[in-house]
Amino acid sequence: MRNVGTDISYASRLISEGGVVAFPTETVYGLGANAQNPNAVAKIFALKERPSFDPLIVHIASIESLSILSSQADERVYALAERFWPGPLTLVVPKSAIIPGIVTSDLNSVGIRMPNHPIALKLIQESGCAIAAPSANKFGRVSPTRAEHVLRQLPEVDYILDGGKTMVGIESTVITLDKEGFIILRHGAITAADLEKVVKPSAKEVKSLVSPGLLKSHYSPNKPLYIKGEFDRPIDPSRAGYIAFGKRPEGPYKEIRFLSEKGDMVEAAAHLFESLHAFEELDVDYIIADPVPELGIGIAIMDRLRKAAYRYR
Ligand code: TXA
Ligand code: MG
């Protein structure tokens with residue numbers, strides 16, 4: 001395919017000329033454009049069919065850029081950035097005027113992160129701008145962990161930088177800070193226990209906050225997904241794909257894929273979207289998935305699974 005490759009110079013030229021480029025990060029593939037070019041950012045919303053109320057994350061390649069994009073970030077923000085960047089943590093901070101309203105859905109805050117991926121970092125550096133990027137999937141669908149997944153959902157994108165399979169496999173942890181401490185807006189590989197080593201948690205409930213990302217249904221595969229033990233409709237196992245965690249399920253399932261055979265949660269996160277994409281392509285009528293323990297990164301995995309299964313209740 002002509003629009004898939006590994007040419008970072010070409011990709012960065014496209015970005016600086018107002019194009020849209022999909023690129024790998026350590027979490028999932030992003031769909032990027034120059035964060036200071038409103039017309040380019042508008043193309044992201046159009047390609048993704050994403051509602052304009054859902055703000056984008058701005059990706060940077062050095063901590064110095066943080067002070068340009070956020071004039072009022074306090075020392076706790078810098079402490080978190082020093083500890084977890086580059087890495088899967090998005091910090092929602094007060095935004096400065098140079099970020100156009102389309103990026104943040106006119107909120108006065110902006111989500112910023114420095115990805116831990118050499119291709120992403122080089123792309124940002126060579127483009128010479130911060131890159132606004134949501135995950136590179138159609139709105140509401142499964143996030144991409146390979147260039148092929150992007151191509152399937154967004155074939156019209158100007159270019160897809162192919163960096164192979166992403167390592168973490170689920171999106172970044174998104175947090176904001178109030179006077180007391182941090183509040184998790186989206187769970188990810190960096191857990192509350194990790195964050196508590198740097199900043200105190202806030203007692204505030206996430207439900208009382210407005211975060212556009214807190215949708216009940218998201219990450220939906222193109223066929224019904226049921227979580228084992230959380231559904232009661234009859235299933236023909238010979239037509240089902242099974243996403244297993246730990247032990248092999250009993251029953252004549254058409255196909256079984258493991259999140260992790262040895263019950264490793266980090267490995268499970270890396271295989272979650274992979275397995276959903278695989279079953280979208282395979283000849284099965286529905287997907288059954290084992291739940292994982294809701295501890296550590298397991299909280300983020302179950303958040304994704306429940307949202308992916310929501311519309312098939
Ligand atoms: O790992 C990731 O975060 C990936 C890679 C590409 O960096 N990006 C990603 O972006 O997952 P997206 O757009 O699919 O999810 C961004 C989430 C959404 O839930 C959005 O509502 C939330 O972050 N968010 C972004 N800016 C925000 C803000 N200013 N206030 C509250 N939530 C915000
Ligand atoms: Mg997304």
# chains A, B, ... in the order shown; residues from 1 in each chain; ligands from 1
>>> select_by_dssp(residues="stretch 89-127 of chain A", states="helix (DSSP H, G or I)", output="ChimeraX atom specification")
/A:101-104,118-127
>>> write_last_selection(atoms="N, CA, C and O atoms", output="compact mmCIF listing (two decimals), in the first residue's frame")
# COMPACT_ATOMS: atom_id res chain seq x y z
N GLY A 101 -9.00 26.17 20.08
CA GLY A 101 -10.13 25.57 20.79
C GLY A 101 -10.58 24.23 20.24
O GLY A 101 -11.07 23.37 20.97
N ILE A 102 -10.38 24.00 18.94
CA ILE A 102 -10.82 22.74 18.34
C ILE A 102 -10.10 21.54 18.96
O ILE A 102 -10.66 20.45 19.08
N VAL A 103 -8.86 21.74 19.41
CA VAL A 103 -8.07 20.64 20.00
C VAL A 103 -8.69 20.20 21.32
O VAL A 103 -8.76 19.00 21.62
N THR A 104 -9.16 21.17 22.11
CA THR A 104 -9.60 20.87 23.48
C THR A 104 -11.11 20.92 23.62
O THR A 104 -11.62 20.96 24.74
N PRO A 118 10.37 5.65 19.95
CA PRO A 118 11.35 6.41 19.17
C PRO A 118 10.76 7.03 17.90
O PRO A 118 11.13 8.15 17.54
N ILE A 119 9.84 6.33 17.23
CA ILE A 119 9.26 6.87 15.99
C ILE A 119 8.39 8.09 16.29
O ILE A 119 8.48 9.12 15.63
N ALA A 120 7.58 7.99 17.35
CA ALA A 120 6.72 9.11 17.72
C ALA A 120 7.56 10.33 18.10
O ALA A 120 7.29 11.45 17.66
N LEU A 121 8.59 10.11 18.89
CA LEU A 121 9.43 11.23 19.35
C LEU A 121 10.14 11.89 18.16
O LEU A 121 10.20 13.11 18.07
N LYS A 122 10.66 11.06 17.26
CA LYS A 122 11.36 11.61 16.09
C LYS A 122 10.38 12.38 15.19
O LYS A 122 10.70 13.44 14.67
N LEU A 123 9.18 11.84 15.03
CA LEU A 123 8.16 12.51 14.21
C LEU A 123 7.84 13.90 14.78
O LEU A 123 7.75 14.88 14.04
N ILE A 124 7.67 13.98 16.10
CA ILE A 124 7.35 15.27 16.73
C ILE A 124 8.53 16.24 16.53
O ILE A 124 8.33 17.39 16.12
N GLN A 125 9.74 15.75 16.77
CA GLN A 125 10.93 16.61 16.63
C GLN A 125 11.07 17.12 15.20
O GLN A 125 11.25 18.31 14.97
N GLU A 126 10.96 16.21 14.23
CA GLU A 126 11.17 16.60 12.83
C GLU A 126 10.04 17.48 12.29
O GLU A 126 10.26 18.32 11.42
N SER A 127 8.82 17.29 12.82
CA SER A 127 7.70 18.12 12.37
C SER A 127 7.86 19.54 12.91
O SER A 127 7.29 20.48 12.35
>>> residues_around(residues="A:Ala136", least_positions_apart="3", cutoff="9 Å", atoms="only C-alpha atoms", output="ChimeraX atom specification")
/A:22-23,28-32,48,133,139,143-144,149-150,153-154
>>> closest_residue(among="A:Lys216, A:Lys262, A:His271, A:Arg152", to="ligand 1", atoms="only C-alpha atoms and all ligand atoms")
A:Lys216
>>> select_by_dssp(residues="stretch 52-266 of chain A", states="strand (DSSP E or B)", output="MDAnalysis selection string")
chainID A and resid 57:59 89:94 109:113 131:133 135 141 159:161 173:177 182:186 201 220 225:227 240:245 255:260
>>> residues_around(residues="A:Lys254", least_positions_apart="5", cutoff="6 Å", atoms="only C-alpha atoms", output="PyMOL selection string")
chain A and resi 238-241
>>> write_last_selection(atoms="N, CA and C atoms", output="PDB file, in the first residue's frame")
ATOM      1  N   SER A 238     -19.446 -23.337  19.008  1.00  0.00           N
ATOM      2  CA  SER A 238     -18.749 -23.627  17.746  1.00  0.00           C
ATOM      3  C   SER A 238     -18.739 -22.399  16.823  1.00  0.00           C
ATOM      4  N   ARG A 239     -19.520 -21.344  17.169  1.00  0.00           N
ATOM      5  CA  ARG A 239     -19.532 -20.105  16.382  1.00  0.00           C
ATOM      6  C   ARG A 239     -18.875 -18.939  17.130  1.00  0.00           C
ATOM      7  N   ALA A 240     -18.260 -19.281  18.283  1.00  0.00           N
ATOM      8  CA  ALA A 240     -17.709 -18.212  19.127  1.00  0.00           C
ATOM      9  C   ALA A 240     -16.191 -18.223  19.155  1.00  0.00           C
ATOM     10  N   GLY A 241     -15.625 -17.018  19.207  1.00  0.00           N
ATOM     11  CA  GLY A 241     -14.205 -16.876  19.486  1.00  0.00           C
ATOM     12  C   GLY A 241     -14.057 -16.586  20.968  1.00  0.00           C
TER      13      GLY A 241
END
>>> closest_residue(among="A:Val198, A:Ala61, A:Val157, A:Ile175", to="ligand 1", atoms="only C-alpha atoms and all ligand atoms")
A:Ile175
>>> closest_residue(among="A:His277, A:Lys165, A:Arg146, A:Arg186", to="ligand 2", atoms="only C-alpha atoms and all ligand atoms")
A:Arg186
>>> residues_near_ligand(ligand="ligand 2", cutoff="7 Å", atoms="only C-alpha atoms and all ligand atoms", output="PyMOL selection string")
chain A and resi 134-135+137+143
>>> residues_near_ligand(ligand="ligand 1", cutoff="7 Å", atoms="only C-alpha atoms and all ligand atoms", output="ChimeraX atom specification")
/A:25,27-31,54-57,88,90,92,104,107,109-111,115,133-135,170-174,185-186,211-214
>>> closest_residue(among="A:Glu255, A:Ala278, A:Ala269, A:Leu14", to="A:Pro291", atoms="only C-alpha atoms")
A:Ala269
>>> closest_residue(among="A:Ala73, A:Ile8, A:Ala309, A:Gly19", to="A:Ile112", atoms="only C-alpha atoms")
A:Ala73
>>> decode(residues="stretch 11-95 of chain A", atoms="C-alpha atoms", output="compact mmCIF listing (two decimals), in the first residue's frame")
# COMPACT_ATOMS: atom_id res chain seq x y z
CA ALA A 11 5.58 11.92 7.51
CA SER A 12 6.92 14.99 9.31
CA ARG A 13 6.75 17.02 6.11
CA LEU A 14 3.11 15.99 5.74
CA ILE A 15 2.41 17.10 9.33
CA SER A 16 4.08 20.49 8.85
CA GLU A 17 2.11 21.01 5.63
CA GLY A 18 -1.22 20.40 7.41
CA GLY A 19 -1.66 16.69 6.66
CA VAL A 20 -2.82 13.86 8.92
CA VAL A 21 -0.45 10.98 9.73
CA ALA A 22 -1.03 7.85 11.79
CA PHE A 23 1.97 6.90 13.92
CA PRO A 24 2.90 4.33 16.55
CA THR A 25 3.25 5.16 20.24
CA GLU A 26 3.98 2.69 23.04
CA THR A 27 0.24 2.49 23.85
CA VAL A 28 -1.75 2.47 20.58
CA TYR A 29 -1.42 4.15 17.16
CA GLY A 30 -2.33 7.84 17.09
CA LEU A 31 -3.87 9.94 14.30
CA GLY A 32 -1.75 13.08 14.32
CA ALA A 33 -1.81 16.64 13.01
CA ASN A 34 -0.07 19.92 13.88
CA ALA A 35 -1.74 20.92 17.17
CA GLN A 36 -1.54 24.62 16.26
CA ASN A 37 -3.20 24.21 12.85
CA PRO A 38 -7.01 24.20 13.34
CA ASN A 39 -7.70 23.10 9.75
CA ALA A 40 -5.38 20.11 10.09
CA VAL A 41 -6.95 19.19 13.44
CA ALA A 42 -10.42 19.44 11.88
CA LYS A 43 -9.36 16.71 9.43
CA ILE A 44 -8.72 14.35 12.38
CA PHE A 45 -12.29 14.80 13.65
CA ALA A 46 -13.66 14.26 10.13
CA LEU A 47 -11.59 11.12 9.44
CA LYS A 48 -12.44 9.57 12.81
CA GLU A 49 -16.09 10.71 12.71
CA ARG A 50 -15.39 11.90 16.23
CA PRO A 51 -17.84 14.24 17.96
CA SER A 52 -16.36 17.69 18.51
CA PHE A 53 -17.03 17.53 22.28
CA ASP A 54 -14.26 14.94 22.79
CA PRO A 55 -10.87 16.71 23.21
CA LEU A 56 -7.56 15.48 21.79
CA ILE A 57 -4.28 14.74 23.56
CA VAL A 58 -1.32 16.90 22.52
CA HIS A 59 1.94 14.96 22.12
CA ILE A 60 5.31 16.54 22.83
CA ALA A 61 8.94 15.41 22.67
CA SER A 62 10.45 17.35 25.57
CA ILE A 63 9.33 18.55 29.00
CA GLU A 64 10.20 22.13 27.98
CA SER A 65 7.22 22.11 25.60
CA LEU A 66 4.94 21.65 28.61
CA SER A 67 5.57 25.21 29.78
CA ILE A 68 4.64 26.57 26.35
CA LEU A 69 1.40 24.60 26.09
CA SER A 70 0.39 25.16 29.71
CA SER A 71 1.17 28.46 31.35
CA GLN A 72 -0.08 27.47 34.79
CA ALA A 73 1.09 23.88 35.35
CA ASP A 74 2.21 23.63 39.00
CA GLU A 75 5.21 21.79 40.40
CA ARG A 76 3.22 18.57 40.91
CA VAL A 77 2.69 18.39 37.14
CA TYR A 78 6.43 18.71 36.54
CA ALA A 79 7.17 16.08 39.21
CA LEU A 80 4.80 13.64 37.47
CA ALA A 81 6.24 14.48 34.04
CA GLU A 82 9.81 13.97 35.29
CA ARG A 83 8.87 10.60 36.79
CA PHE A 84 6.61 9.12 34.08
CA TRP A 85 7.61 10.75 30.75
CA PRO A 86 8.25 9.60 28.20
CA GLY A 87 5.47 7.14 29.00
CA PRO A 88 1.76 6.27 29.07
CA LEU A 89 0.55 9.15 31.25
CA THR A 90 -1.57 12.07 29.99
CA LEU A 91 -1.68 15.14 32.22
CA VAL A 92 -4.75 17.36 31.89
CA VAL A 93 -3.53 20.87 32.77
CA PRO A 94 -4.68 24.48 32.24
CA LYS A 95 -4.10 25.33 28.58
